[in-house]
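upload-v6.cif (mmCIF, N, CA and C atoms)
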```
data_structure
loop_
_atom_site.label_atom_id
_atom_site.label_comp_id
_atom_site.auth_asym_id
_atom_site.auth_seq_id
_atom_site.Cartn_x
_atom_site.Cartn_y
_atom_site.Cartn_z
N MET L 1 18.65 -28.72 -40.37
CA MET L 1 17.33 -28.56 -39.81
C MET L 1 17.28 -29.06 -38.37
N LYS L 2 17.90 -30.26 -38.15
CA LYS L 2 17.93 -30.81 -36.81
C LYS L 2 18.73 -29.90 -35.88
N ARG L 3 19.81 -29.31 -36.39
CA ARG L 3 20.65 -28.43 -35.59
C ARG L 3 19.87 -27.18 -35.18
N LEU L 4 19.10 -26.61 -36.09
CA LEU L 4 18.29 -25.43 -35.79
C LEU L 4 17.22 -25.77 -34.75
N PHE L 5 16.58 -26.93 -34.90
CA PHE L 5 15.58 -27.36 -33.92
C PHE L 5 16.21 -27.54 -32.55
N LEU L 6 17.39 -28.16 -32.49
CA LEU L 6 18.07 -28.39 -31.22
C LEU L 6 18.47 -27.06 -30.57
N LEU L 7 19.00 -26.13 -31.35
CA LEU L 7 19.37 -24.82 -30.80
C LEU L 7 18.14 -24.06 -30.30
N THR L 8 17.04 -24.14 -31.01
CA THR L 8 15.80 -23.49 -30.58
C THR L 8 15.30 -24.11 -29.28
N LEU L 9 15.35 -25.39 -29.16
CA LEU L 9 14.92 -26.09 -27.95
C LEU L 9 15.80 -25.71 -26.76
N ILE L 10 17.10 -25.67 -26.95
CA ILE L 10 18.02 -25.29 -25.87
C ILE L 10 17.77 -23.84 -25.46
N PHE L 11 17.58 -22.95 -26.42
CA PHE L 11 17.32 -21.54 -26.12
C PHE L 11 16.01 -21.39 -25.34
N ALA L 12 14.96 -22.07 -25.77
CA ALA L 12 13.67 -21.98 -25.07
C ALA L 12 13.78 -22.52 -23.65
N PHE L 13 14.50 -23.61 -23.47
CA PHE L 13 14.68 -24.18 -22.14
C PHE L 13 15.47 -23.22 -21.25
N GLY L 14 16.53 -22.64 -21.77
CA GLY L 14 17.33 -21.67 -21.00
C GLY L 14 16.53 -20.44 -20.64
N LEU L 15 15.72 -19.94 -21.57
CA LEU L 15 14.87 -18.79 -21.31
C LEU L 15 13.84 -19.11 -20.23
N GLY L 16 13.30 -20.32 -20.27
CA GLY L 16 12.35 -20.73 -19.25
C GLY L 16 12.97 -20.80 -17.87
N LEU L 17 14.20 -21.27 -17.78
CA LEU L 17 14.89 -21.33 -16.49
C LEU L 17 15.16 -19.94 -15.93
N MET L 18 15.47 -18.99 -16.80
CA MET L 18 15.79 -17.63 -16.35
C MET L 18 14.55 -16.86 -15.93
N SER L 19 13.38 -17.22 -16.41
CA SER L 19 12.20 -16.41 -16.15
C SER L 19 11.42 -16.83 -14.91
N PHE L 20 11.83 -17.89 -14.23
CA PHE L 20 11.12 -18.32 -13.05
C PHE L 20 12.02 -18.21 -11.83
N SER L 21 11.43 -17.72 -10.76
CA SER L 21 12.14 -17.71 -9.48
C SER L 21 11.14 -18.04 -8.40
N VAL L 22 11.61 -18.63 -7.35
CA VAL L 22 10.75 -19.02 -6.24
C VAL L 22 11.07 -18.09 -5.08
N ALA L 23 10.05 -17.34 -4.63
CA ALA L 23 10.23 -16.45 -3.48
C ALA L 23 9.58 -17.11 -2.29
N LYS L 24 10.27 -17.13 -1.20
CA LYS L 24 9.75 -17.76 0.01
C LYS L 24 9.67 -16.73 1.10
N ASN L 25 8.53 -16.65 1.78
CA ASN L 25 8.40 -15.73 2.90
C ASN L 25 9.30 -16.16 4.04
N GLU L 26 9.81 -15.19 4.74
CA GLU L 26 10.68 -15.48 5.88
C GLU L 26 9.85 -16.04 7.02
N LYS L 27 10.32 -17.10 7.62
CA LYS L 27 9.63 -17.66 8.78
C LYS L 27 9.93 -16.82 10.00
N ARG L 28 9.16 -17.01 11.05
CA ARG L 28 9.26 -16.20 12.25
C ARG L 28 10.66 -16.21 12.84
N THR L 29 11.13 -15.04 13.20
CA THR L 29 12.40 -14.91 13.90
C THR L 29 12.16 -14.14 15.18
N GLU L 30 13.09 -14.23 16.08
CA GLU L 30 12.96 -13.50 17.33
C GLU L 30 13.18 -12.01 17.08
N PRO L 31 12.38 -11.16 17.73
CA PRO L 31 12.57 -9.73 17.54
C PRO L 31 13.88 -9.25 18.14
N LYS L 32 14.40 -8.16 17.58
CA LYS L 32 15.60 -7.55 18.13
C LYS L 32 15.25 -6.90 19.46
N SER L 33 16.24 -6.78 20.33
CA SER L 33 15.98 -6.25 21.66
C SER L 33 15.93 -4.72 21.68
N THR L 34 16.43 -4.09 20.65
CA THR L 34 16.44 -2.63 20.62
C THR L 34 15.32 -2.10 19.75
N SER L 35 14.79 -0.94 20.10
CA SER L 35 13.70 -0.37 19.32
C SER L 35 14.21 0.58 18.25
N GLU L 36 15.48 0.93 18.28
CA GLU L 36 16.01 1.84 17.29
C GLU L 36 16.65 1.05 16.16
N ILE L 37 16.60 1.62 14.99
CA ILE L 37 17.23 1.01 13.84
C ILE L 37 18.63 1.60 13.76
N SER L 38 19.63 0.82 14.12
CA SER L 38 20.98 1.36 14.25
C SER L 38 21.78 1.31 12.96
N SER L 39 21.42 0.46 12.02
CA SER L 39 22.10 0.43 10.74
C SER L 39 21.10 0.02 9.68
N PRO L 40 21.42 0.24 8.41
CA PRO L 40 20.47 -0.08 7.35
C PRO L 40 20.04 -1.54 7.30
N ASN L 41 20.78 -2.46 7.91
CA ASN L 41 20.43 -3.87 7.85
C ASN L 41 19.66 -4.36 9.06
N ASP L 42 19.37 -3.50 10.03
CA ASP L 42 18.69 -3.91 11.25
C ASP L 42 17.19 -3.64 11.19
N TRP L 43 16.43 -4.62 11.64
CA TRP L 43 14.99 -4.44 11.78
C TRP L 43 14.72 -3.80 13.13
N GLY L 44 13.67 -3.01 13.23
CA GLY L 44 13.21 -2.49 14.51
C GLY L 44 12.54 -3.60 15.29
N GLU L 45 12.07 -3.30 16.48
CA GLU L 45 11.42 -4.33 17.28
C GLU L 45 10.00 -4.55 16.79
N TRP L 46 9.46 -5.72 17.10
CA TRP L 46 8.08 -6.04 16.73
C TRP L 46 7.14 -5.13 17.52
N THR L 47 6.15 -4.58 16.83
CA THR L 47 5.15 -3.70 17.45
C THR L 47 3.78 -4.22 17.11
N ARG L 48 2.92 -4.33 18.13
CA ARG L 48 1.55 -4.78 17.88
C ARG L 48 0.77 -3.64 17.23
N THR L 49 -0.05 -3.97 16.24
CA THR L 49 -0.88 -2.94 15.62
C THR L 49 -1.92 -2.45 16.61
N ASN L 50 -2.42 -1.23 16.42
CA ASN L 50 -3.37 -0.63 17.35
C ASN L 50 -4.70 -1.38 17.41
N CYS L 51 -5.15 -1.91 16.30
CA CYS L 51 -6.50 -2.48 16.24
C CYS L 51 -6.55 -4.00 16.32
N TYR L 52 -5.46 -4.67 16.03
CA TYR L 52 -5.49 -6.12 15.93
C TYR L 52 -4.50 -6.72 16.93
N LYS L 53 -5.00 -7.50 17.87
CA LYS L 53 -4.19 -8.02 18.96
C LYS L 53 -3.07 -8.95 18.52
N LYS L 54 -3.25 -9.65 17.43
CA LYS L 54 -2.28 -10.66 17.04
C LYS L 54 -1.63 -10.38 15.68
N LEU L 55 -1.59 -9.11 15.31
CA LEU L 55 -0.89 -8.71 14.09
C LEU L 55 0.20 -7.74 14.50
N TYR L 56 1.44 -8.10 14.19
CA TYR L 56 2.61 -7.31 14.56
C TYR L 56 3.33 -6.85 13.30
N PHE L 57 4.11 -5.77 13.45
CA PHE L 57 4.93 -5.33 12.34
C PHE L 57 6.23 -4.75 12.87
N ARG L 58 7.20 -4.66 11.97
CA ARG L 58 8.45 -3.96 12.26
C ARG L 58 8.96 -3.39 10.95
N VAL L 59 9.82 -2.40 11.05
CA VAL L 59 10.31 -1.72 9.85
C VAL L 59 11.83 -1.75 9.80
N LYS L 60 12.34 -1.56 8.60
CA LYS L 60 13.78 -1.48 8.38
C LYS L 60 14.03 -0.40 7.34
N LYS L 61 14.95 0.49 7.65
CA LYS L 61 15.35 1.53 6.69
C LYS L 61 16.52 1.01 5.88
N GLY L 62 16.40 1.13 4.58
CA GLY L 62 17.48 0.71 3.69
C GLY L 62 18.34 1.90 3.29
N ASP L 63 18.95 1.77 2.16
CA ASP L 63 19.85 2.80 1.66
C ASP L 63 19.10 4.02 1.13
N TYR L 64 19.84 5.10 0.96
CA TYR L 64 19.30 6.34 0.39
C TYR L 64 19.35 6.23 -1.13
N ASN L 65 18.25 6.59 -1.79
CA ASN L 65 18.19 6.60 -3.24
C ASN L 65 18.45 8.02 -3.71
N SER L 66 19.63 8.28 -4.24
CA SER L 66 20.01 9.65 -4.62
C SER L 66 19.19 10.16 -5.81
N TYR L 67 18.68 9.27 -6.63
CA TYR L 67 17.88 9.70 -7.77
C TYR L 67 16.54 10.27 -7.31
N SER L 68 15.84 9.55 -6.42
CA SER L 68 14.53 10.01 -5.94
C SER L 68 14.64 10.88 -4.69
N LYS L 69 15.85 10.91 -4.09
CA LYS L 69 16.08 11.66 -2.85
C LYS L 69 15.17 11.16 -1.72
N GLU L 70 15.02 9.85 -1.65
CA GLU L 70 14.20 9.20 -0.63
C GLU L 70 14.93 7.95 -0.14
N TYR L 71 14.45 7.41 0.98
CA TYR L 71 15.03 6.20 1.54
C TYR L 71 14.19 4.99 1.17
N PHE L 72 14.86 3.86 1.03
CA PHE L 72 14.17 2.58 0.90
C PHE L 72 13.72 2.17 2.30
N TRP L 73 12.45 1.80 2.44
CA TRP L 73 11.91 1.29 3.70
C TRP L 73 11.23 -0.04 3.43
N TYR L 74 11.35 -0.95 4.37
CA TYR L 74 10.74 -2.27 4.28
C TYR L 74 9.88 -2.49 5.52
N ILE L 75 8.78 -3.20 5.35
CA ILE L 75 7.89 -3.53 6.48
C ILE L 75 7.76 -5.04 6.53
N GLN L 76 7.78 -5.56 7.73
CA GLN L 76 7.57 -6.99 7.91
C GLN L 76 6.38 -7.18 8.84
N PHE L 77 5.43 -7.99 8.43
CA PHE L 77 4.24 -8.28 9.22
C PHE L 77 4.33 -9.70 9.77
N ARG L 78 3.81 -9.88 10.97
CA ARG L 78 3.77 -11.21 11.61
C ARG L 78 2.33 -11.50 12.02
N ASN L 79 1.81 -12.61 11.54
CA ASN L 79 0.44 -13.03 11.85
C ASN L 79 0.49 -14.05 12.97
N ASP L 80 0.05 -13.67 14.17
CA ASP L 80 0.00 -14.60 15.29
C ASP L 80 -1.39 -15.21 15.46
N TYR L 81 -2.30 -14.95 14.53
CA TYR L 81 -3.61 -15.60 14.57
C TYR L 81 -3.45 -17.06 14.15
N SER L 82 -4.40 -17.89 14.53
CA SER L 82 -4.35 -19.31 14.19
C SER L 82 -5.00 -19.60 12.83
N PHE L 83 -5.17 -18.56 12.04
CA PHE L 83 -5.78 -18.70 10.72
C PHE L 83 -5.16 -17.68 9.77
N THR L 84 -5.38 -17.90 8.48
CA THR L 84 -4.86 -17.01 7.45
C THR L 84 -5.64 -15.70 7.44
N ILE L 85 -4.93 -14.59 7.20
CA ILE L 85 -5.58 -13.28 7.10
C ILE L 85 -5.23 -12.66 5.75
N ASP L 86 -6.14 -11.82 5.27
CA ASP L 86 -5.88 -11.00 4.09
C ASP L 86 -5.55 -9.61 4.58
N LEU L 87 -4.36 -9.15 4.27
CA LEU L 87 -3.83 -7.91 4.79
C LEU L 87 -3.80 -6.84 3.70
N SER L 88 -4.27 -5.64 4.01
CA SER L 88 -4.10 -4.47 3.15
C SER L 88 -3.22 -3.50 3.92
N TYR L 89 -2.26 -2.87 3.23
CA TYR L 89 -1.32 -2.00 3.94
C TYR L 89 -0.78 -0.92 3.02
N ASP L 90 -0.23 0.11 3.63
CA ASP L 90 0.50 1.16 2.91
C ASP L 90 1.36 1.89 3.91
N ALA L 91 2.27 2.71 3.43
CA ALA L 91 3.18 3.46 4.30
C ALA L 91 3.44 4.82 3.69
N CYS L 92 3.77 5.78 4.56
CA CYS L 92 4.08 7.13 4.09
C CYS L 92 4.97 7.82 5.12
N ALA L 93 5.47 8.98 4.76
CA ALA L 93 6.30 9.78 5.66
C ALA L 93 5.41 10.45 6.70
N PRO L 94 5.96 10.77 7.87
CA PRO L 94 5.20 11.51 8.88
C PRO L 94 4.69 12.83 8.29
N GLY L 95 3.46 13.18 8.63
CA GLY L 95 2.86 14.40 8.10
C GLY L 95 2.09 14.19 6.81
N GLU L 96 2.31 13.07 6.13
CA GLU L 96 1.56 12.75 4.92
C GLU L 96 0.38 11.88 5.31
N SER L 97 -0.61 11.81 4.43
CA SER L 97 -1.78 10.98 4.73
C SER L 97 -1.91 9.87 3.70
N ILE L 98 -2.56 8.81 4.12
CA ILE L 98 -2.83 7.68 3.24
C ILE L 98 -4.31 7.68 2.93
N ASP L 99 -4.65 7.90 1.66
CA ASP L 99 -6.05 7.96 1.26
C ASP L 99 -6.68 6.58 1.15
N ARG L 100 -5.91 5.62 0.66
CA ARG L 100 -6.42 4.25 0.55
C ARG L 100 -5.23 3.29 0.62
N LEU L 101 -5.52 2.09 1.03
CA LEU L 101 -4.49 1.07 1.17
C LEU L 101 -4.34 0.37 -0.18
N THR L 102 -3.19 0.52 -0.80
CA THR L 102 -3.01 0.07 -2.17
C THR L 102 -2.24 -1.23 -2.31
N HIS L 103 -1.75 -1.79 -1.21
CA HIS L 103 -0.99 -3.03 -1.26
C HIS L 103 -1.71 -4.11 -0.47
N GLY L 104 -1.55 -5.35 -0.88
CA GLY L 104 -2.21 -6.44 -0.17
C GLY L 104 -1.42 -7.72 -0.23
N HIS L 105 -1.68 -8.58 0.75
CA HIS L 105 -1.02 -9.89 0.79
C HIS L 105 -1.80 -10.80 1.73
N ARG L 106 -1.81 -12.07 1.42
CA ARG L 106 -2.42 -13.08 2.29
C ARG L 106 -1.30 -13.70 3.13
N ILE L 107 -1.48 -13.70 4.46
CA ILE L 107 -0.47 -14.24 5.36
C ILE L 107 -1.05 -15.45 6.09
N SER L 108 -0.37 -16.56 5.98
CA SER L 108 -0.80 -17.79 6.66
C SER L 108 -0.68 -17.64 8.17
N ALA L 109 -1.35 -18.53 8.88
CA ALA L 109 -1.29 -18.52 10.34
C ALA L 109 0.15 -18.67 10.81
N TYR L 110 0.53 -17.88 11.80
CA TYR L 110 1.85 -17.93 12.43
C TYR L 110 3.00 -17.75 11.43
N ASP L 111 2.80 -16.92 10.45
CA ASP L 111 3.83 -16.70 9.43
C ASP L 111 4.18 -15.22 9.36
N THR L 112 5.24 -14.90 8.66
CA THR L 112 5.63 -13.50 8.45
C THR L 112 5.66 -13.20 6.96
N PHE L 113 5.58 -11.93 6.65
CA PHE L 113 5.64 -11.45 5.27
C PHE L 113 6.45 -10.17 5.23
N THR L 114 7.41 -10.10 4.33
CA THR L 114 8.21 -8.89 4.14
C THR L 114 7.77 -8.21 2.86
N THR L 115 7.45 -6.93 2.96
CA THR L 115 6.97 -6.18 1.80
C THR L 115 8.09 -5.87 0.83
N PRO L 116 7.75 -5.62 -0.42
CA PRO L 116 8.72 -4.98 -1.30
C PRO L 116 9.02 -3.59 -0.73
N TYR L 117 10.02 -2.95 -1.24
CA TYR L 117 10.41 -1.66 -0.67
C TYR L 117 9.41 -0.54 -0.95
N PHE L 118 9.45 0.45 -0.09
CA PHE L 118 8.75 1.71 -0.27
C PHE L 118 9.82 2.79 -0.38
N LEU L 119 9.66 3.75 -1.26
CA LEU L 119 10.54 4.92 -1.29
C LEU L 119 9.82 6.04 -0.56
N ILE L 120 10.38 6.46 0.58
CA ILE L 120 9.72 7.43 1.44
C ILE L 120 10.71 8.50 1.83
N ASN L 121 10.27 9.76 1.80
CA ASN L 121 11.12 10.89 2.12
C ASN L 121 11.16 11.11 3.63
N SER L 122 11.75 10.16 4.34
CA SER L 122 11.91 10.26 5.78
C SER L 122 13.10 9.40 6.17
N SER L 123 13.98 9.95 6.99
CA SER L 123 15.17 9.19 7.38
C SER L 123 15.02 8.51 8.73
N ASN L 124 13.97 8.84 9.51
CA ASN L 124 13.86 8.29 10.85
C ASN L 124 12.61 7.45 11.09
N TYR L 125 11.45 7.88 10.62
CA TYR L 125 10.19 7.23 10.94
C TYR L 125 9.32 7.14 9.70
N ILE L 126 8.40 6.18 9.71
CA ILE L 126 7.36 6.10 8.69
C ILE L 126 6.04 5.77 9.37
N ASN L 127 4.94 6.13 8.74
CA ASN L 127 3.61 5.75 9.19
C ASN L 127 3.16 4.53 8.42
N VAL L 128 2.59 3.56 9.12
CA VAL L 128 2.11 2.33 8.51
C VAL L 128 0.63 2.19 8.83
N SER L 129 -0.19 1.95 7.81
CA SER L 129 -1.62 1.72 8.00
C SER L 129 -1.96 0.32 7.51
N VAL L 130 -2.80 -0.38 8.28
CA VAL L 130 -3.17 -1.75 7.93
C VAL L 130 -4.66 -1.99 8.15
N GLU L 131 -5.19 -2.92 7.41
CA GLU L 131 -6.53 -3.47 7.62
C GLU L 131 -6.42 -4.96 7.33
N ILE L 132 -7.21 -5.76 8.03
CA ILE L 132 -7.25 -7.19 7.71
C ILE L 132 -8.68 -7.61 7.46
N GLU L 133 -8.81 -8.63 6.65
CA GLU L 133 -10.11 -9.19 6.34
C GLU L 133 -10.13 -10.60 6.90
N ILE L 134 -11.15 -10.88 7.72
CA ILE L 134 -11.28 -12.17 8.39
C ILE L 134 -12.71 -12.67 8.22
N ASP L 135 -12.87 -13.95 8.04
CA ASP L 135 -14.19 -14.57 8.01
C ASP L 135 -14.67 -14.73 9.46
N TYR L 136 -15.44 -13.74 9.95
CA TYR L 136 -15.84 -13.72 11.36
C TYR L 136 -16.73 -14.91 11.74
N GLU L 137 -17.50 -15.42 10.80
CA GLU L 137 -18.34 -16.58 11.10
C GLU L 137 -17.50 -17.84 11.28
N LYS L 138 -16.44 -17.95 10.49
CA LYS L 138 -15.59 -19.12 10.56
C LYS L 138 -14.61 -19.04 11.75
N TYR L 139 -14.15 -17.83 12.07
CA TYR L 139 -13.17 -17.62 13.15
C TYR L 139 -13.66 -16.60 14.14
N PRO L 140 -14.67 -16.92 14.94
CA PRO L 140 -15.16 -15.93 15.91
C PRO L 140 -14.17 -15.82 17.08
N CYS L 141 -13.70 -14.62 17.32
CA CYS L 141 -12.83 -14.37 18.47
C CYS L 141 -12.75 -12.86 18.68
N ASP L 142 -12.11 -12.46 19.75
CA ASP L 142 -11.90 -11.04 20.03
C ASP L 142 -10.63 -10.61 19.32
N TYR L 143 -10.76 -9.83 18.27
CA TYR L 143 -9.62 -9.47 17.45
C TYR L 143 -8.86 -8.31 18.02
#
```
Hey, can you dump this file as C-alpha cells for me?
Amino acid sequence: MKRLFLLTLIFAFGLGLMSFSVAKNEKRTEPKSTSEISSPNDWGEWTRTNCYKKLYFRVKKGDYNSYSKEYFWYIQFRNDYSFTIDLSYDACAPGESIDRLTHGHRISAYDTFTTPYFLINSSNYINVSVEIEIDYEKYPCDY
C-alpha cells in the first residue's frame, strides 16, 4: 500500500513538472540594419505603426509548411510608451482583408512581445493591423 502511494505521488509530481512552462517575453533588442528578410531566422527592421507614434513592429518569415502550403510568419511588437498598452492585432496576405482583430496581448512599458506564428500564403510580405487600448484620462498625451 505504501509502495502504491509512493508511486502515485512520484507520478503526480512528475506530471506536474511536465505540464508547466514559463514563457518570457523577449526584452528590447537593437533593430537590424537591413529592411529585407534575408533568411528565415532574420527579423525585418522596426517599423512605426501608422497611427501610434510609439508602437513599433517587425516581422520574420519562418519555414514553409508543405501541409498547408503556407509560410510561418511571426510579428514582434515594441511598446515605447511609458505605460502598459492592450494590443489587438492580426495579419493576412496582401490582397486579403481583416474583418476583425482576433488576437490580443498586454505589453508593459518599454517591452517587446513576439506573437505565436501565423500561417499565411505569402512568401514576401504580410499585412499587419493593430489597435491599442489606453486609459486616456490616466495617460493624456499625443498618441
**Request:** Quick one: everything within 7 Å of L:Leu119, counting all atoms listed in the file, minus sequence neighbours fewer than 5 positions away in the same chain. Send it as a list in words.
**Result:** Glu70, Tyr71, Phe72 and Trp73 of chain L
**Message:** If we draw a sphere of 8 Å around (5.9, 3.9, 7.0), which residues have at least one atom in it when counting only C-alpha atoms? Please report them as a list in words.
**Reply:**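 Returned residue set, sorted by chain then number, is Val59, Trp73, Ile75, Asp90, Ala91, Cys92, Ala93, Pro94, Ile120, Tyr125, Ile126, Asn127, Val128 and Ser129 of chain L.
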Expected file contents, prior selection, N, CA and C atoms, as a PDB file, keeping the file's coordinate frame:
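Saved result, out.pdb, follows:
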```pdb
ATOM      1  N   VAL L  59       9.820  -2.400  11.050  1.00  0.00           N
ATOM      2  CA  VAL L  59      10.310  -1.720   9.850  1.00  0.00           C
ATOM      3  C   VAL L  59      11.830  -1.750   9.800  1.00  0.00           C
ATOM      4  N   TRP L  73      12.450   1.800   2.440  1.00  0.00           N
ATOM      5  CA  TRP L  73      11.910   1.290   3.700  1.00  0.00           C
ATOM      6  C   TRP L  73      11.230  -0.040   3.430  1.00  0.00           C
ATOM      7  N   ILE L  75       8.780  -3.200   5.350  1.00  0.00           N
ATOM      8  CA  ILE L  75       7.890  -3.530   6.480  1.00  0.00           C
ATOM      9  C   ILE L  75       7.760  -5.040   6.530  1.00  0.00           C
ATOM     10  N   ASP L  90      -0.230   0.110   3.630  1.00  0.00           N
ATOM     11  CA  ASP L  90       0.500   1.160   2.910  1.00  0.00           C
ATOM     12  C   ASP L  90       1.360   1.890   3.910  1.00  0.00           C
ATOM     13  N   ALA L  91       2.270   2.710   3.430  1.00  0.00           N
ATOM     14  CA  ALA L  91       3.180   3.460   4.300  1.00  0.00           C
ATOM     15  C   ALA L  91       3.440   4.820   3.690  1.00  0.00           C
ATOM     16  N   CYS L  92       3.770   5.780   4.560  1.00  0.00           N
ATOM     17  CA  CYS L  92       4.080   7.130   4.090  1.00  0.00           C
ATOM     18  C   CYS L  92       4.970   7.820   5.120  1.00  0.00           C
ATOM     19  N   ALA L  93       5.470   8.980   4.760  1.00  0.00           N
ATOM     20  CA  ALA L  93       6.300   9.780   5.660  1.00  0.00           C
ATOM     21  C   ALA L  93       5.410  10.450   6.700  1.00  0.00           C
ATOM     22  N   PRO L  94       5.960  10.770   7.870  1.00  0.00           N
ATOM     23  CA  PRO L  94       5.200  11.510   8.880  1.00  0.00           C
ATOM     24  C   PRO L  94       4.690  12.830   8.290  1.00  0.00           C
ATOM     25  N   ILE L 120      10.380   6.460   0.580  1.00  0.00           N
ATOM     26  CA  ILE L 120       9.720   7.430   1.440  1.00  0.00           C
ATOM     27  C   ILE L 120      10.710   8.500   1.830  1.00  0.00           C
ATOM     28  N   TYR L 125      11.450   7.880  10.620  1.00  0.00           N
ATOM     29  CA  TYR L 125      10.190   7.230  10.940  1.00  0.00           C
ATOM     30  C   TYR L 125       9.320   7.140   9.700  1.00  0.00           C
ATOM     31  N   ILE L 126       8.400   6.180   9.710  1.00  0.00           N
ATOM     32  CA  ILE L 126       7.360   6.100   8.690  1.00  0.00           C
ATOM     33  C   ILE L 126       6.040   5.770   9.370  1.00  0.00           C
ATOM     34  N   ASN L 127       4.940   6.130   8.740  1.00  0.00           N
ATOM     35  CA  ASN L 127       3.610   5.750   9.190  1.00  0.00           C
ATOM     36  C   ASN L 127       3.160   4.530   8.420  1.00  0.00           C
ATOM     37  N   VAL L 128       2.590   3.560   9.120  1.00  0.00           N
ATOM     38  CA  VAL L 128       2.110   2.330   8.510  1.00  0.00           C
ATOM     39  C   VAL L 128       0.630   2.190   8.830  1.00  0.00           C
ATOM     40  N   SER L 129      -0.190   1.950   7.810  1.00  0.00           N
ATOM     41  CA  SER L 129      -1.620   1.720   8.000  1.00  0.00           C
ATOM     42  C   SER L 129      -1.960   0.320   7.510  1.00  0.00           C
TER      43      SER L 129
END
```
**Prompt:** DSSP says strand (DSSP E) for which residues of stretch 27-118 of chain L? Put them as a ChimeraX atom specification?
**Reply:** /L:47-48,55-65,70-79,85-92,103-107,112-114,118
**Request:** Please identify all polymer residues within 8 Å of L:Asn79, counting all atoms listed in the file, omitting same-chain residues fewer than 5 positions from it, and present them as a ChimeraX atom specification.
**Result:** /L:54-57,84-85,107-113
Please report, as JSON lines, each residue of stretch 80-119 of chain L lying at most 12 Å from stretch 62-69 of chain L, together with the nearest pair of atoms and the separation in Å rounded to one decimal; use only C-alpha atoms, and order rows by chain and ascending residue number.
```
{"residue": "L:Pro116", "atom": "CA", "partner": "L:Gly62", "partner_atom": "CA", "distance": 11.6}
{"residue": "L:Tyr117", "atom": "CA", "partner": "L:Gly62", "partner_atom": "CA", "distance": 8.6}
{"residue": "L:Phe118", "atom": "CA", "partner": "L:Gly62", "partner_atom": "CA", "distance": 9.6}
{"residue": "L:Leu119", "atom": "CA", "partner": "L:Ser68", "partner_atom": "CA", "distance": 8.0}
```
**Prompt:** Exactly which residues make up the result of the PyMOL selection byres (((chain L and resi 130 and name CA) around 6) and name CA) on this file, given as a ChimeraX atom specification?
**Reply:** /L:88-89,129,131
Residues from last step as file, N, CA and C atoms, as a CSV table (one decimal), keeping the file's coordinate frame:
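In the end it all went to selection-v4.csv:
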```
chain,number,residue,atom,x,y,z
L,88,SER,N,-4.3,-5.6,4.0
L,88,SER,CA,-4.1,-4.5,3.2
L,88,SER,C,-3.2,-3.5,3.9
L,89,TYR,N,-2.3,-2.9,3.2
L,89,TYR,CA,-1.3,-2.0,3.9
L,89,TYR,C,-0.8,-0.9,3.0
L,129,SER,N,-0.2,2.0,7.8
L,129,SER,CA,-1.6,1.7,8.0
L,129,SER,C,-2.0,0.3,7.5
L,131,GLU,N,-5.2,-2.9,7.4
L,131,GLU,CA,-6.5,-3.5,7.6
L,131,GLU,C,-6.4,-5.0,7.3
```
**Message:** I need the residue nearest L:His103 from this list: L:Thr115, L:Ser82, L:Asn121, L:Asn50. Use only C-alpha atoms for the distance.
**Reply:** L:Thr115
**Asked** What is the distance between atom CA of L:Lys60 and atom CA of L:Glu45, in Å to one decimal?
**Response**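 These two atoms are separated by 9.6 Å.
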**Prompt:** Could you work out how far atom CA of L:Asp42 lies from atom CA of L:Lys61, giving the answer in Å with one decimal?
**Reply:** 7.8 Å
**Item:** Interatomic distance (Å, one decimal) between atom CA of L:Gly104 and atom N of L:Trp46
**Value:**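 Value for the atom CA of L:Gly104-atom N of L:Trp46 distance: 20.9 Å.
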